[in-house]
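Let me begin by presenting the structure, written as C-alpha cells, before commenting on it.
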Amino acid sequence: MKTVIVDARRLLCPMPVIRVQNQVKELPAGTRVEAICTDPGALNDIPAWCRINGHKLIETRTENNEYIIVVEVVEGD
Amino acid sequence: MTKQRKAVALISGGLDSLLAAKVIQEQGIHVEGINFFTGFCVEGHTHAIRQKDRSRPKRNNALWVAEQLGIKLHIVDIIEEYKDVVFNPKHGYGANLNPCLDCKIFMVKKAFEWIEENDFDFIITGEVVGQRPMSQRKDTMPVVARDSGAADRLVRPLSGQNLPVTLPEREGWISRDGLYGFNGRSRKPQMALAKQFGLEDYAQPAGGCCFLTDAQYSVKLADLWKARGEKQYEIDDIMLLKVGRHLRPKPHFKVIISREEGEGNFLHGYRKEYVALSTVSHAGPLALIEGEVDSADIELACQLVARYSQGKAEAQVEMDVRHLDGTHQQVSVKPLSSDAIPQAWYI
Ligand code: SF4
C-alpha cells in the first residue's frame, strides 16, 4: 500500500491539518498519508479533521518528541 | 424535484459563526464550512508553545464547530495573499493593527470565489449589526457585501431581519422569518439561541479572532516594520512575535528571550536561522538575535540574556553563542543589572 509522507515538523496548527488536507485531495482512495508533526495539537486536530471529512484514521503515535498520524484516504463525493 | 441548495459558512470557531451556520442548516440547506488561516489566528499557538498551557485540553475551535454541526470544513491557507490586507488596508486599521473591514471583505471575496468554483449558491457569516466597532456596523456591513463581490449572495442569519433582502430569501431557498434580528454588542441573544439549540461548551463568545487586535502584539509588529524600514513579514516572523520577551537594545537588532521551557523548545527550532544564545554555567533561557550584529552587539545581548538566567547575581556567566555558520563560541559576561536595562528596550 502506498504511503505518502507529509513533513509538518515545526508547523503549528492548523498548518499540519492544511498540509494533510491538501495532500489527501490529490490522492486516490486507499492511499495512506503519514504526517510527522511537532505540534502536539496535531494529535487532536488531524483525527478531528478525519472524522469531519470522512477519512480513516489508522494510527497516532509519539516517537522522539514527534507525533505521527497516519490517515487513509476514503473515496469522497 | 427542487434543487438542493448549498451554502458555505465562514467558520471562525466562535459562537456567532456556529449559530449562523446552524440557523441555515435548520432551513434544509446543505452547509459546508470554510476557515481561513492568516497566520495571525489566535488558534492554540501560544497554547502549543507554552509548557504550562499544555496540560489543558487543546482543540481547534473551527474543527470542533464543524464537528458539532456535522459539516465538512475546508481550511484555506491565505498567509501570502493576506499580507496585502495587513499592509495596505483601504479602510484603515482598528484600535491596533487589525484591518477588520478589509479583512472581512477579503475573506468574503475568497469565499465567493470558492462558491463559484464549487457550485455552491450562497455564503453565510456570523456577523451581527453593531457587534464590532469597525466591520460590523449598519453602514459597513453592506460595504462587505458590495466590495467582496458577493452582493446579495451573502447572508447574515443572525441579523438578516435588519438587513436588505438577499437572493436566497427572494428565491425562497430560505425564509426571512427563520432569520434573526440581533443588533448591538449584547451577547445575550446568541447565548439564548445556543441554549435553544442545545449547544454548550462553545468557544469564548466574541473573543478577538486574531492577534492583530492585541495591543502588545501590534506594538511588536510595528517595531518589526520600523526596524526593517518597510511593512514586511514572513510566517516565521509573525510566529516568533507570539513567543518570549522581545527587547531591542539597538535599532538594528532585537533579542527574543524564552520565558519558560516550552518557549525555549520552540525557539530551539529556529536556532539555525538566527544567532542563538544559551547559558552554560547556569540554567537559563534560550535567546535568538534578530538583525545583523557584530561582536560588541553579541556581547551586549549575552549580558542581557544572562540577566534572565539563574546566574543573574553572579559576577560572570558563561554563555554559548551559536553563529549563523554553525560555529560555536564561548563567552563569559557580567549580567546586566535590572536598572541597566532601559524600559525603552522592551517591545
Ligand atoms: S479580528 Fe483579525 S481576523 Fe477578525 S476581522 Fe479583525 S483582522 Fe480579521
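Residue numbering restarts at 1 for every chain of the C-alpha cells, chains are lettered A, B, ... in their displayed order, and ligands are numbered from 1 as they appear.
In chain A, the set of residues within 9 Å of chain B (atoms considered: only C-alpha atoms) is Arg10, Leu12, Cys13, Pro14, Met15, Val17, Ile18, Gln21, Asp39, Pro40, Gly41, Asn44, Asp45, Ala48, Trp49, Arg51, Ile52, Asn53 and Gly54 of chain A.
For ligand 1, the neighbouring protein, DNA and RNA residues, which are those within 6 Å when only C-alpha atoms and all ligand atoms are counted, are Asn98, Pro99, Cys100, Cys103, Lys104, Gly208, Cys209, Cys210, Leu212 and Thr213 of chain B.
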Selection from above, N, CA, C and O atoms, as an mmCIF file, in the first residue's frame, can you write it?
```
data_model
loop_
_atom_site.group_PDB
_atom_site.id
_atom_site.type_symbol
_atom_site.label_atom_id
_atom_site.label_comp_id
_atom_site.auth_asym_id
_atom_site.auth_seq_id
_atom_site.Cartn_x
_atom_site.Cartn_y
_atom_site.Cartn_z
ATOM 1 N N ASN B 98 -5.309 45.844 13.477
ATOM 2 C CA ASN B 98 -6.335 44.972 12.912
ATOM 3 C C ASN B 98 -7.105 45.668 11.774
ATOM 4 O O ASN B 98 -7.804 46.633 12.016
ATOM 5 N N PRO B 99 -6.944 45.166 10.569
ATOM 6 C CA PRO B 99 -7.637 45.777 9.435
ATOM 7 C C PRO B 99 -8.999 45.114 9.230
ATOM 8 O O PRO B 99 -9.288 44.570 8.158
ATOM 9 N N CYS B 100 -9.850 45.154 10.246
ATOM 10 C CA CYS B 100 -11.043 44.287 10.264
ATOM 11 C C CYS B 100 -11.949 44.404 9.035
ATOM 12 O O CYS B 100 -12.391 43.386 8.507
ATOM 13 N N CYS B 103 -10.298 42.953 6.067
ATOM 14 C CA CYS B 103 -10.150 41.523 6.322
ATOM 15 C C CYS B 103 -11.454 40.795 6.001
ATOM 16 O O CYS B 103 -11.465 39.766 5.318
ATOM 17 N N LYS B 104 -12.561 41.347 6.479
ATOM 18 C CA LYS B 104 -13.867 40.730 6.225
ATOM 19 C C LYS B 104 -14.163 40.711 4.728
ATOM 20 O O LYS B 104 -14.620 39.702 4.178
ATOM 21 N N GLY B 208 -11.558 38.144 20.537
ATOM 22 C CA GLY B 208 -10.836 38.620 19.358
ATOM 23 C C GLY B 208 -10.392 37.413 18.558
ATOM 24 O O GLY B 208 -9.880 36.458 19.128
ATOM 25 N N CYS B 209 -10.625 37.433 17.248
ATOM 26 C CA CYS B 209 -10.296 36.228 16.499
ATOM 27 C C CYS B 209 -8.853 36.215 16.039
ATOM 28 O O CYS B 209 -8.369 35.210 15.564
ATOM 29 N N CYS B 210 -8.142 37.333 16.166
ATOM 30 C CA CYS B 210 -6.751 37.249 15.738
ATOM 31 C C CYS B 210 -5.832 38.150 16.546
ATOM 32 O O CYS B 210 -6.284 39.067 17.231
ATOM 33 N N LEU B 212 -3.924 40.434 15.686
ATOM 34 C CA LEU B 212 -3.819 41.835 15.277
ATOM 35 C C LEU B 212 -4.681 42.758 16.143
ATOM 36 O O LEU B 212 -4.480 43.969 16.149
ATOM 37 N N THR B 213 -5.631 42.190 16.871
ATOM 38 C CA THR B 213 -6.427 43.030 17.778
ATOM 39 C C THR B 213 -5.726 43.206 19.125
ATOM 40 O O THR B 213 -6.199 43.942 19.974
#
```
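Nearest to A:Tyr67 of all the residues A:Cys37, A:Ile46, A:Arg32, A:Val6 is A:Cys37, counting only C-alpha atoms.
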Query raised in the report: Which parts of stretch 68-109 of chain B does DSSP call strand (DSSP E) when run on the backbone here, written out as number ranges by chain?
Result: B: 73-77
Output of the above residues as a compact mmCIF listing (two decimals), in the first residue's frame, restricted to all heavy atoms:
```
# COMPACT_ATOMS: atom_id res chain seq x y z
N LEU B 73 -15.32 20.74 6.68
CA LEU B 73 -14.64 22.02 6.87
C LEU B 73 -13.44 22.09 5.92
O LEU B 73 -12.63 21.17 5.88
CB LEU B 73 -14.15 22.16 8.31
CG LEU B 73 -13.44 23.49 8.60
CD1 LEU B 73 -14.43 24.65 8.61
CD2 LEU B 73 -12.70 23.44 9.94
N HIS B 74 -13.38 23.17 5.16
CA HIS B 74 -12.25 23.39 4.27
C HIS B 74 -11.38 24.47 4.90
O HIS B 74 -11.85 25.58 5.11
CB HIS B 74 -12.74 23.84 2.90
CG HIS B 74 -13.82 22.93 2.37
ND1 HIS B 74 -13.53 21.78 1.68
CD2 HIS B 74 -15.18 22.97 2.49
CE1 HIS B 74 -14.67 21.17 1.37
NE2 HIS B 74 -15.69 21.86 1.86
N ILE B 75 -10.15 24.13 5.21
CA ILE B 75 -9.25 25.12 5.83
C ILE B 75 -8.34 25.64 4.72
O ILE B 75 -7.70 24.86 4.02
CB ILE B 75 -8.42 24.52 6.96
CG1 ILE B 75 -9.32 23.74 7.94
CG2 ILE B 75 -7.68 25.62 7.72
CD1 ILE B 75 -8.56 23.09 9.08
N VAL B 76 -8.32 26.94 4.57
CA VAL B 76 -7.57 27.51 3.45
C VAL B 76 -6.43 28.38 3.96
O VAL B 76 -6.64 29.28 4.78
CB VAL B 76 -8.51 28.34 2.54
CG1 VAL B 76 -7.77 28.82 1.30
CG2 VAL B 76 -9.74 27.53 2.15
N ASP B 77 -5.25 28.11 3.48
CA ASP B 77 -4.06 28.89 3.83
C ASP B 77 -4.04 30.15 2.96
O ASP B 77 -3.90 30.07 1.75
CB ASP B 77 -2.84 27.99 3.57
CG ASP B 77 -1.52 28.74 3.55
OD1 ASP B 77 -1.51 29.97 3.73
OD2 ASP B 77 -0.49 28.08 3.34
```
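Within the 8 Å cut-off around B:Leu221, using only C-alpha atoms and omitting residues fewer than 3 positions from it on the same chain, the listed residues are Tyr217, Ser218, Leu224, Trp225, Ile238 and Leu241 of chain B.
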